[in-house]
Amino acid sequence: LRNRSPGAVILFYHLGYYVGEGLANRVNDLLKDVDVSREEKIRVGLDILKCLGVAYLDLVEINVEDYSGMVHMHQSCEVTPIKGKMNTPSCHLVRGIISGLVSTMLGKKLVAVEELCIAKGDEYCRFNIKLI
């Protein structure tokens, strides 16, 4: 398989970003009367994606003071079907979802940078979360 075109990459990322942003707003609304940390709210958002079968994401770490973190993904509807068939990280939708979710939860513009990818043949996908 060839890698996605630049236009598709941008579209998938931004679509994911808005999904993540909406998910964060929904989680915030659902938990507004409960004393829950921002880290736990991010975990709830990732768990919802797992329950929906979108992606199996684990929050490895999050630092709410310096706005950084790491998420691992073990499977997703986006890349599991193309495992080992791509030569670059290919989780643009999920990368966008993570970026939108953590940006909204932490109130800063953040981006998830994919360093390992199932589509490349890696055992799991790894996203490092960074300030833009």
# chains A, B, ... in the order shown; residues from 1 in each chain; ligands from 1
call {"tool": "residues_around", "arguments": {"residues": "region 23-27 of chain A", "least_positions_apart": "4", "cutoff": "9 Å", "atoms": "only C-alpha atoms", "output": "mmCIF file with N, CA, C and O atoms, in the first residue's frame"}}
result
data_model
loop_
_atom_site.group_PDB
_atom_site.id
_atom_site.type_symbol
_atom_site.label_atom_id
_atom_site.label_comp_id
_atom_site.auth_asym_id
_atom_site.auth_seq_id
_atom_site.Cartn_x
_atom_site.Cartn_y
_atom_site.Cartn_z
ATOM 1 N N TYR A 18 -11.379 17.293 15.890
ATOM 2 C CA TYR A 18 -12.714 17.744 16.286
ATOM 3 C C TYR A 18 -13.485 16.658 17.034
ATOM 4 O O TYR A 18 -14.257 16.959 17.940
ATOM 5 N N VAL A 19 -13.244 15.410 16.702
ATOM 6 C CA VAL A 19 -13.848 14.304 17.455
ATOM 7 C C VAL A 19 -13.302 14.315 18.884
ATOM 8 O O VAL A 19 -14.057 14.197 19.855
ATOM 9 N N LEU A 31 -18.942 14.844 33.820
ATOM 10 C CA LEU A 31 -18.257 14.772 35.118
ATOM 11 C C LEU A 31 -18.186 16.111 35.842
ATOM 12 O O LEU A 31 -17.429 16.255 36.794
ATOM 13 N N LYS A 32 -18.991 17.077 35.409
ATOM 14 C CA LYS A 32 -18.893 18.427 35.980
ATOM 15 C C LYS A 32 -19.202 18.480 37.474
ATOM 16 O O LYS A 32 -18.692 19.328 38.185
ATOM 17 N N LYS A 41 -9.977 12.467 33.653
ATOM 18 C CA LYS A 41 -10.917 12.780 32.572
ATOM 19 C C LYS A 41 -10.351 12.348 31.222
ATOM 20 O O LYS A 41 -11.081 11.850 30.365
ATOM 21 N N ILE A 42 -9.041 12.534 31.021
ATOM 22 C CA ILE A 42 -8.414 12.064 29.779
ATOM 23 C C ILE A 42 -8.534 10.558 29.684
ATOM 24 O O ILE A 42 -8.876 10.009 28.635
ATOM 25 N N VAL A 44 -10.842 8.673 31.002
ATOM 26 C CA VAL A 44 -12.244 8.360 30.693
ATOM 27 C C VAL A 44 -12.491 8.517 29.194
ATOM 28 O O VAL A 44 -13.115 7.661 28.564
ATOM 29 N N GLY A 45 -11.993 9.609 28.606
ATOM 30 C CA GLY A 45 -12.152 9.813 27.169
ATOM 31 C C GLY A 45 -11.532 8.685 26.364
ATOM 32 O O GLY A 45 -12.139 8.169 25.423
ATOM 33 N N ILE A 48 -13.638 5.563 26.624
ATOM 34 C CA ILE A 48 -14.842 5.622 25.774
ATOM 35 C C ILE A 48 -14.494 5.176 24.361
ATOM 36 O O ILE A 48 -15.236 4.406 23.740
ATOM 37 N N ILE A 97 -7.490 12.698 17.221
ATOM 38 C CA ILE A 97 -8.392 12.509 18.369
ATOM 39 C C ILE A 97 -7.639 12.764 19.671
ATOM 40 O O ILE A 97 -8.122 13.485 20.551
ATOM 41 N N GLY A 100 -6.885 16.557 20.023
ATOM 42 C CA GLY A 100 -8.073 17.328 20.388
ATOM 43 C C GLY A 100 -8.521 17.073 21.816
ATOM 44 O O GLY A 100 -8.904 18.006 22.533
ATOM 45 N N LEU A 101 -8.452 15.822 22.241
ATOM 46 C CA LEU A 101 -8.857 15.457 23.602
ATOM 47 C C LEU A 101 -7.960 16.115 24.643
ATOM 48 O O LEU A 101 -8.445 16.799 25.545
ATOM 49 N N VAL A 102 -6.652 15.946 24.508
ATOM 50 C CA VAL A 102 -5.750 16.501 25.531
ATOM 51 C C VAL A 102 -5.668 18.028 25.452
ATOM 52 O O VAL A 102 -5.558 18.689 26.483
ATOM 53 N N SER A 103 -5.752 18.590 24.263
ATOM 54 C CA SER A 103 -5.749 20.055 24.136
ATOM 55 C C SER A 103 -6.936 20.659 24.871
ATOM 56 O O SER A 103 -6.792 21.648 25.604
ATOM 57 N N THR A 104 -8.097 20.084 24.686
ATOM 58 C CA THR A 104 -9.307 20.596 25.327
ATOM 59 C C THR A 104 -9.264 20.375 26.835
ATOM 60 O O THR A 104 -9.603 21.272 27.611
ATOM 61 N N MET A 105 -8.817 19.198 27.258
ATOM 62 C CA MET A 105 -8.761 18.898 28.692
ATOM 63 C C MET A 105 -7.744 19.765 29.429
ATOM 64 O O MET A 105 -7.970 20.156 30.562
#
call {"tool": "atom_distance", "arguments": {"atom1": "CA of Ile10 (chain A)", "atom2": "CA of Ser68 (chain A)"}}
result
22.5 Å
call {"tool": "residues_around", "arguments": {"residues": "Lys130 (chain A)", "least_positions_apart": "2", "cutoff": "7 Å", "atoms": "only C-alpha atoms", "output": "NGL selection string"}}
result
:A and (67-68 or 110-112 or 128 or 132)
call {"tool": "write_last_selection", "arguments": {"atoms": "N, CA, C and O atoms", "output": "PDB file, in the first residue's frame"}}
result
ATOM      1  N   TYR A  67       2.619  20.071  30.206  1.00  0.00           N
ATOM      2  CA  TYR A  67       1.811  19.751  29.019  1.00  0.00           C
ATOM      3  C   TYR A  67       2.505  18.747  28.096  1.00  0.00           C
ATOM      4  O   TYR A  67       2.708  18.998  26.910  1.00  0.00           O
ATOM      5  N   SER A  68       2.829  17.613  28.667  1.00  0.00           N
ATOM      6  CA  SER A  68       3.442  16.552  27.880  1.00  0.00           C
ATOM      7  C   SER A  68       2.887  15.213  28.338  1.00  0.00           C
ATOM      8  O   SER A  68       2.274  15.108  29.406  1.00  0.00           O
ATOM      9  N   LEU A 110      -2.026  21.346  21.972  1.00  0.00           N
ATOM     10  CA  LEU A 110      -1.076  20.243  22.018  1.00  0.00           C
ATOM     11  C   LEU A 110      -1.200  19.404  20.762  1.00  0.00           C
ATOM     12  O   LEU A 110      -2.226  19.435  20.085  1.00  0.00           O
ATOM     13  N   VAL A 111      -0.174  18.634  20.487  1.00  0.00           N
ATOM     14  CA  VAL A 111      -0.202  17.742  19.338  1.00  0.00           C
ATOM     15  C   VAL A 111       0.356  16.390  19.772  1.00  0.00           C
ATOM     16  O   VAL A 111       1.285  16.319  20.578  1.00  0.00           O
ATOM     17  N   ALA A 112      -0.234  15.328  19.241  1.00  0.00           N
ATOM     18  CA  ALA A 112       0.272  13.977  19.450  1.00  0.00           C
ATOM     19  C   ALA A 112       1.148  13.635  18.247  1.00  0.00           C
ATOM     20  O   ALA A 112       0.694  13.696  17.105  1.00  0.00           O
ATOM     21  N   ASN A 128       3.692  10.681  21.369  1.00  0.00           N
ATOM     22  CA  ASN A 128       4.211  11.618  22.359  1.00  0.00           C
ATOM     23  C   ASN A 128       3.397  12.896  22.253  1.00  0.00           C
ATOM     24  O   ASN A 128       3.193  13.415  21.147  1.00  0.00           O
ATOM     25  N   ILE A 132       2.410  22.755  21.097  1.00  0.00           N
ATOM     26  CA  ILE A 132       2.688  23.246  19.744  1.00  0.00           C
ATOM     27  C   ILE A 132       3.480  24.533  19.854  1.00  0.00           C
ATOM     28  O   ILE A 132       3.200  25.385  20.626  1.00  0.00           O
TER      29      ILE A 132
END
call {"tool": "closest_residue", "arguments": {"among": "A:Lys85, A:Glu78, A:Met70, A:Arg43", "to": "Lys120 (chain A)", "atoms": "only C-alpha atoms"}}
result
A:Lys85
call {"tool": "select_by_dssp", "arguments": {"residues": "region 8-65 of chain A", "states": "strand (DSSP E)", "output": "list in words"}}
result
Ala55, Tyr56, Leu57, Asp58, Leu59, Val60, Glu61, Ile62 and Asn63 of chain A
call {"tool": "decode", "arguments": {"residues": "region 47-61 of chain A", "atoms": "all heavy atoms", "output": "mmCIF file, in the first residue's frame"}}
result
data_model
loop_
_atom_site.group_PDB
_atom_site.id
_atom_site.type_symbol
_atom_site.label_atom_id
_atom_site.label_comp_id
_atom_site.auth_asym_id
_atom_site.auth_seq_id
_atom_site.Cartn_x
_atom_site.Cartn_y
_atom_site.Cartn_z
ATOM 1 N N ASP A 47 -10.973 5.652 27.424
ATOM 2 C CA ASP A 47 -11.764 4.438 27.681
ATOM 3 C C ASP A 47 -13.042 4.411 26.844
ATOM 4 O O ASP A 47 -13.479 3.346 26.403
ATOM 5 C CB ASP A 47 -12.105 4.312 29.161
ATOM 6 C CG ASP A 47 -10.914 3.883 30.002
ATOM 7 O OD1 ASP A 47 -9.899 3.418 29.428
ATOM 8 O OD2 ASP A 47 -10.989 4.010 31.245
ATOM 9 N N ILE A 48 -13.638 5.563 26.624
ATOM 10 C CA ILE A 48 -14.842 5.622 25.774
ATOM 11 C C ILE A 48 -14.494 5.176 24.361
ATOM 12 O O ILE A 48 -15.236 4.406 23.740
ATOM 13 C CB ILE A 48 -15.463 7.037 25.799
ATOM 14 C CG1 ILE A 48 -16.103 7.295 27.171
ATOM 15 C CG2 ILE A 48 -16.490 7.202 24.672
ATOM 16 C CD1 ILE A 48 -16.553 8.723 27.400
ATOM 17 N N LEU A 49 -13.364 5.630 23.853
ATOM 18 C CA LEU A 49 -12.936 5.207 22.510
ATOM 19 C C LEU A 49 -12.721 3.702 22.458
ATOM 20 O O LEU A 49 -13.046 3.045 21.469
ATOM 21 C CB LEU A 49 -11.649 5.931 22.113
ATOM 22 C CG LEU A 49 -11.783 7.436 21.900
ATOM 23 C CD1 LEU A 49 -10.410 8.067 21.772
ATOM 24 C CD2 LEU A 49 -12.655 7.739 20.699
ATOM 25 N N LYS A 50 -12.194 3.140 23.547
ATOM 26 C CA LYS A 50 -11.986 1.697 23.633
ATOM 27 C C LYS A 50 -13.332 0.972 23.620
ATOM 28 O O LYS A 50 -13.514 -0.010 22.896
ATOM 29 C CB LYS A 50 -11.214 1.368 24.906
ATOM 30 C CG LYS A 50 -10.671 -0.036 24.967
ATOM 31 C CD LYS A 50 -9.907 -0.300 26.265
ATOM 32 C CE LYS A 50 -8.684 0.580 26.383
ATOM 33 N NZ LYS A 50 -7.874 0.282 27.581
ATOM 34 N N CYS A 51 -14.285 1.467 24.406
ATOM 35 C CA CYS A 51 -15.616 0.850 24.472
ATOM 36 C C CYS A 51 -16.333 0.893 23.124
ATOM 37 O O CYS A 51 -17.078 -0.032 22.788
ATOM 38 C CB CYS A 51 -16.479 1.541 25.529
ATOM 39 S SG CYS A 51 -15.945 1.231 27.215
ATOM 40 N N LEU A 52 -16.101 1.941 22.368
ATOM 41 C CA LEU A 52 -16.726 2.079 21.046
ATOM 42 C C LEU A 52 -16.011 1.260 19.972
ATOM 43 O O LEU A 52 -16.480 1.164 18.842
ATOM 44 C CB LEU A 52 -16.761 3.552 20.636
ATOM 45 C CG LEU A 52 -17.654 4.460 21.479
ATOM 46 C CD1 LEU A 52 -17.447 5.914 21.095
ATOM 47 C CD2 LEU A 52 -19.116 4.052 21.343
ATOM 48 N N GLY A 53 -14.850 0.700 20.307
ATOM 49 C CA GLY A 53 -14.089 -0.090 19.348
ATOM 50 C C GLY A 53 -13.311 0.742 18.347
ATOM 51 O O GLY A 53 -12.848 0.219 17.333
ATOM 52 N N VAL A 54 -13.152 2.018 18.629
ATOM 53 C CA VAL A 54 -12.409 2.905 17.726
ATOM 54 C C VAL A 54 -10.916 2.643 17.835
ATOM 55 O O VAL A 54 -10.230 2.460 16.835
ATOM 56 C CB VAL A 54 -12.719 4.386 18.028
ATOM 57 C CG1 VAL A 54 -11.839 5.314 17.207
ATOM 58 C CG2 VAL A 54 -14.194 4.676 17.788
ATOM 59 N N ALA A 55 -10.407 2.625 19.065
ATOM 60 C CA ALA A 55 -8.981 2.431 19.302
ATOM 61 C C ALA A 55 -8.772 1.981 20.742
ATOM 62 O O ALA A 55 -9.490 2.426 21.640
ATOM 63 C CB ALA A 55 -8.222 3.726 19.042
ATOM 64 N N TYR A 56 -7.800 1.127 20.939
ATOM 65 C CA TYR A 56 -7.438 0.653 22.273
ATOM 66 C C TYR A 56 -6.219 1.450 22.735
ATOM 67 O O TYR A 56 -5.086 1.094 22.423
ATOM 68 C CB TYR A 56 -7.181 -0.851 22.254
ATOM 69 C CG TYR A 56 -8.459 -1.616 22.066
ATOM 70 C CD1 TYR A 56 -9.076 -1.686 20.820
ATOM 71 C CD2 TYR A 56 -9.089 -2.223 23.143
ATOM 72 C CE1 TYR A 56 -10.266 -2.358 20.650
ATOM 73 C CE2 TYR A 56 -10.289 -2.907 22.977
ATOM 74 C CZ TYR A 56 -10.868 -2.965 21.728
ATOM 75 O OH TYR A 56 -12.064 -3.629 21.556
ATOM 76 N N LEU A 57 -6.503 2.539 23.451
ATOM 77 C CA LEU A 57 -5.493 3.513 23.849
ATOM 78 C C LEU A 57 -5.248 3.443 25.353
ATOM 79 O O LEU A 57 -6.193 3.323 26.134
ATOM 80 C CB LEU A 57 -5.961 4.921 23.486
ATOM 81 C CG LEU A 57 -6.178 5.175 22.001
ATOM 82 C CD1 LEU A 57 -7.088 6.365 21.786
ATOM 83 C CD2 LEU A 57 -4.851 5.383 21.309
ATOM 84 N N ASP A 58 -3.975 3.535 25.728
ATOM 85 C CA ASP A 58 -3.589 3.573 27.138
ATOM 86 C C ASP A 58 -2.787 4.831 27.392
ATOM 87 O O ASP A 58 -1.793 5.092 26.692
ATOM 88 C CB ASP A 58 -2.734 2.361 27.499
ATOM 89 C CG ASP A 58 -3.512 1.060 27.425
ATOM 90 O OD1 ASP A 58 -4.654 1.029 27.920
ATOM 91 O OD2 ASP A 58 -2.971 0.082 26.878
ATOM 92 N N LEU A 59 -3.195 5.593 28.389
ATOM 93 C CA LEU A 59 -2.442 6.778 28.798
ATOM 94 C C LEU A 59 -1.265 6.298 29.638
ATOM 95 O O LEU A 59 -1.439 5.862 30.766
ATOM 96 C CB LEU A 59 -3.326 7.735 29.599
ATOM 97 C CG LEU A 59 -2.688 9.041 30.035
ATOM 98 C CD1 LEU A 59 -2.268 9.871 28.830
ATOM 99 C CD2 LEU A 59 -3.642 9.821 30.920
ATOM 100 N N VAL A 60 -0.078 6.337 29.071
ATOM 101 C CA VAL A 60 1.126 5.882 29.760
ATOM 102 C C VAL A 60 1.549 6.928 30.788
ATOM 103 O O VAL A 60 1.879 6.593 31.920
ATOM 104 C CB VAL A 60 2.266 5.605 28.751
ATOM 105 C CG1 VAL A 60 3.557 5.230 29.463
ATOM 106 C CG2 VAL A 60 1.848 4.519 27.771
ATOM 107 N N GLU A 61 1.538 8.197 30.364
ATOM 108 C CA GLU A 61 1.873 9.279 31.281
ATOM 109 C C GLU A 61 1.279 10.582 30.764
ATOM 110 O O GLU A 61 1.073 10.757 29.574
ATOM 111 C CB GLU A 61 3.384 9.425 31.463
ATOM 112 C CG GLU A 61 4.127 9.763 30.182
ATOM 113 C CD GLU A 61 5.623 9.869 30.381
ATOM 114 O OE1 GLU A 61 6.051 10.814 31.069
ATOM 115 O OE2 GLU A 61 6.332 9.021 29.832
#
